[in-house]
Each structure stands twice: as C-alpha cells, then as structure tokens.
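Notes follow once the structure below has been shown.
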Amino acid sequence: MNYTHLGRTGLKVSRLCLGTMNFGDVTDEKTSARILDEALEAGINFIDTADVYGTEQSPDIQQGSGLSEEIIGRWLQQGGRRERIVLATKVYQPMGPGPNDRCLSAYHIRKACEDSLRRLKTDHIDVYQMHHIDRHTPWEEIWQAMELLVQQGKVLYIGSSNFAGWDIATAQSVATTRHFPGLAAEQSLYNLTARTIELEVIPACRHFGLGLIPWSPLAGGLLGGVLKKMASGRRARPAFSRLIEQYRPQLEAYERLCEDLGETPSNVALAWLLQNPVVTAPLIGPRTVEQLQEALHATTITLSDDTMSCLDEIWPGPGGEAPQAYAW
C-alpha cells in the first residue's frame, strides 16, 4: 500500500480510504469486522464513517442510529488497532428528533462529537468532517466549536464534505483571521461520470492545500462493469436500469477500453482518480471482503496519457477549471 499526506498536513494516509456506510445496513457486523481486518492487513490505515451511517435512510427514517460507528468501536475494542488507523467521522445529519439535533451549531457539534466518541469507544477523532455546508450558522461559531474540540484533544484535524469552492474559500479566510488551520480535507462526489468539481472545488483544494477524498468513485456501481452484471441484484432495479440505458453508449465504450487494458472497470475508475495529484484517497465502500480485495489492485495501475485521453473522450468533464471552461 502506498501512502500520501492528507493535503498540506503532516498526516500520512493510505491511497485508499475504507468507507463504512454499508456497515450495519447491507453488511452485517461479522462481515464488517472481516472487512476491517482485511483492510488493516492490506495496509489501509484510513477509515471513514459518519454518525448517521448504519441505518438505511427512507422517508420513514429521519435520523441516524450511529450503528456504523458502534461496529467500528467494538472492532477497536479488540486491542492494538486504534493507534494503527486514521479515524474519520462526520457531523451534520439528523441524529434525533429535536431542532438542535442536526446541522453545525456549536450546540450540536459539541453533543455530536461526544456521542461519536462514545460509540467509537475512543478518546479522539483524527479527522472530524462537516458532512454538509450549513449556511445558517456563522463561521465564527463553527470555528469556535471546532477549536475547542482541538484544544481538548478530542479532534486533531477538521474536514468538510459536499462544500462548494466558495464555501472552502470562506471557511479558510475566517479560519485564517482566527489563527486556526481550518480545513485539512474535502470529501466530494467525484468520478468519471460526475466531474463538476473540476470547475472550482478541485482548484480550491489545490490552492488551500486540502486533500480531496472522492466519494462514490464507481458512480454507485455504474463504473463497476455494470453491463455484465445488470442481470441480478440492485442493478436490475428499474431506476438503475434506466440509468444504464441513459449511459449505454458510453458504458459500452468504457468497458471495451477496460477489457483492452486487461483491467476491471472498477479498478480503472479508481486508478483514474488516483492519478489526479489533488486526490488523496478515493473512498471505497465494499460490501464484501472480495470487493475490498479487488479494489486493492487499483493502487498498482498507472494509466497512460493515451488512456487518460480516451477516458476524457468517453466521459468528458466540464472543459477544465472555471472560468476558462466556459469563458475566455
């Protein structure tokens, strides 16, 4: 396993980040523990979760259960593991029925952090990420709450997720006035089919020294060789089938290219992300040990310039960075 710095920080993390959104939902605790064991054995030291993970979200379920964190906490209790991993979790989503059980008020940040520490059975969170922007809470309040957690030793680094480029810039400008490092990383939707962040988020991450952690690197399975797998499982659902038909010409060209390369579509999608110098670690969310083992190969793949150009032709991005992508 290769390692890299998390953005401008001195912290080194593995080039793949183990996402645990499926833990407690589609993946039971026993399998989740096996995935964690295999990931650690393979050298993955970066583990990501969120307080809201572990319960399938639906119109009837309006708050998180914390089950994913609890599963990780019980795994950490077995000893000799906490000091070997970089543990990341998130705050923002609804965790209770009350009006202050969500978002980024100082009130909720304090309570959410204490609850996550209890569920994770640890005394500190390495990377505490804001799961979404909260434009109703002033940055002075957010940073005051985060600074206190850092001072208390409960949090080491602060991250963001789903921020716009200007949100990153605003956050960093306020942090600078407070003589606080601010954000160390941003977690964004980024894959071959979803390249909008190339306009402003990636330039902002590069400028401010944030590590980029792409989530949904396989576009929910669309980039995982879906044409050969669509006869069964969730890919057979009507909504996903319609998505496949929408992208069928591109998927056919993409999977032919991957076959010519002798690599699986999922690993090509991950390798494409890994060749972006701003990307720290794609967030993989294996549901099985076998999926984890397959993803490990992606870190050994180097795509040629010709292959990168072919991928751009199949999955064109926005045309570069703003404003040159749409103006002179």
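Residues are named by chain letter and number: chains run A, B, ... in the order of the structure tokens, numbers start at 1 in each chain, and ligands are numbered from 1 in the order shown.
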TODO: Find the residues around Ala204 of chain A up to 7 Å (only C-alpha atoms counted), leave out those fewer than 4 positions away in its own chain, and share them as a PyMOL selection string.
DONE: chain A and resi 165+168-169+200+208
TODO: Please provide the set of residues having any atom within 10 Å of Asp312 of chain A, restricted to only C-alpha atoms, with same-chain residues fewer than 6 positions apart removed, written as a list of chain:residue names.
DONE: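 After dropping sequence-adjacent residues, the list is A:Leu192, A:Asp306, A:Gly319.
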Residues from last step as file, all heavy atoms, as an mmCIF file, in the first residue's frame:
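The result, stored in again-v3.cif:
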```cif
data_model
loop_
_atom_site.group_PDB
_atom_site.id
_atom_site.type_symbol
_atom_site.label_atom_id
_atom_site.label_comp_id
_atom_site.auth_asym_id
_atom_site.auth_seq_id
_atom_site.Cartn_x
_atom_site.Cartn_y
_atom_site.Cartn_z
ATOM 1 N N LEU A 192 -15.761 9.438 -12.925
ATOM 2 C CA LEU A 192 -15.738 9.705 -14.361
ATOM 3 C C LEU A 192 -17.060 10.255 -14.885
ATOM 4 O O LEU A 192 -17.076 11.023 -15.853
ATOM 5 C CB LEU A 192 -15.368 8.426 -15.121
ATOM 6 C CG LEU A 192 -13.878 8.078 -15.157
ATOM 7 C CD1 LEU A 192 -13.693 6.615 -15.568
ATOM 8 C CD2 LEU A 192 -13.133 9.007 -16.099
ATOM 9 N N ASP A 306 -2.433 8.274 -23.327
ATOM 10 C CA ASP A 306 -3.427 7.918 -24.341
ATOM 11 C C ASP A 306 -4.701 7.388 -23.699
ATOM 12 O O ASP A 306 -5.814 7.719 -24.128
ATOM 13 C CB ASP A 306 -2.852 6.865 -25.300
ATOM 14 C CG ASP A 306 -1.816 7.441 -26.256
ATOM 15 O OD1 ASP A 306 -1.762 8.681 -26.384
ATOM 16 O OD2 ASP A 306 -1.060 6.653 -26.856
ATOM 17 N N GLY A 319 -14.730 20.733 -19.099
ATOM 18 C CA GLY A 319 -13.895 21.508 -20.008
ATOM 19 C C GLY A 319 -12.738 22.198 -19.332
ATOM 20 O O GLY A 319 -12.114 23.091 -19.905
#
```
Task: Length of the atom CA of Ser105 of chain A to atom CA of Leu11 of chain A vector [Å] - done: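 Interatomic distance, atom CA of Ser105 of chain A to atom CA of Leu11 of chain A: 27.6 Å.
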TODO: Within segment 164-248 of chain A, find each residue whose DSSP state, derived from the backbone, is strand (DSSP E or B), and express the selection as a VMD selection string.
DONE: chain A and resid 183 to 189 191 194 211 to 215
TODO: Name the closest residue to Gly285 of chain A among the candidates A:Ile125, A:Ile158, A:Gly221, A:Tyr107; distances are taken between atoms, counting only C-alpha atoms.
DONE: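 Checking each candidate against Gly285 of chain A, we get A:Gly221 as the closest.
Neighbours of Glu252 of chain A closer than or equal to 12 Å, with only C-alpha atoms counted and sequence neighbours fewer than 5 positions away skipped, come out as Leu222, Leu223, Gly225, Val226, Leu227, Lys228, Ile244, Glu245, Gln246, Tyr247, Leu257, Cys258, Glu259, Pro265, Ile314 and Trp315 of chain A.
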Task: helix (DSSP H, G or I) call set, DSSP backbone run, segment 40-218 of chain A, as a ChimeraX atom specification - done: /A:40-41,67-76,82-84,106-120,139-151,165-177,196-198,201-208
Open item on the list: Could you list, as a list in words, every residue within 9 Å of segment 171-186 of chain A, counting only C-alpha atoms and ignoring same-chain residues fewer than 6 positions away?
Closed with: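 Neighbouring residues, sequence-local ones excluded: Leu6, Gly7, Arg8, Thr9, Val127, Gln129, Trp139, Glu140, Trp143, Gln144, Glu147, Tyr157, Ile158, Gly159, Ser160, Ser161, Asn162, Phe163, Val201, Cys205, Phe208, Gly209, Leu210, Gly211, Leu212, Ile213, Pro214 and Thr280 of chain A.
Comparing the minimum interatomic distances between Pro99 of chain A and each of A:Ala271, A:Gln324, A:Gln63, A:Gly79, counting only C-alpha atoms, we find that A:Gln63 sits nearest.
Between atom CA of Leu36 of chain A and atom CA of Thr20 of chain A there is a distance of 9.2 Å.
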Task: Shortest interatomic distance to Leu87 of chain A - which of A:Asn100, A:Glu41, A:His131, A:Ser14, counting only C-alpha atoms - done: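 Under the stated criterion, the closest residue is A:Ser14.
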- [ ] Considering only C-alpha atoms, return as a list in words whatever protein or nucleic-acid residues lie within 7 Å of Gly66 of chain A, sequence-local ones (same chain, fewer than 5 positions apart) excluded.
- [x]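 Surrounding residues, per the criterion: Asp51, Val52, Tyr53 and Gly54 of chain A.
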Residue selection dump (C-alpha atoms) as an mmCIF file, in the first residue's frame:
```cif
data_model
loop_
_atom_site.group_PDB
_atom_site.id
_atom_site.type_symbol
_atom_site.label_atom_id
_atom_site.label_comp_id
_atom_site.auth_asym_id
_atom_site.auth_seq_id
_atom_site.Cartn_x
_atom_site.Cartn_y
_atom_site.Cartn_z
ATOM 1 C CA ASP A 51 -22.687 9.386 12.871
ATOM 2 C CA VAL A 52 -25.657 8.903 10.537
ATOM 3 C CA TYR A 53 -24.373 5.695 8.917
ATOM 4 C CA GLY A 54 -25.755 2.273 9.717
#
```
Open item on the list: With only C-alpha atoms as the counted atoms, please give the residues lying no more than 8 Å from Ala106 of chain A, apart from itself and same-chain residues fewer than 2 positions off, as a list in words.
Closed with: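 The residues that qualify are Leu104, His108, Ile109, Arg110, Glu141, Ile142, Gln144 and Ala145 of chain A.
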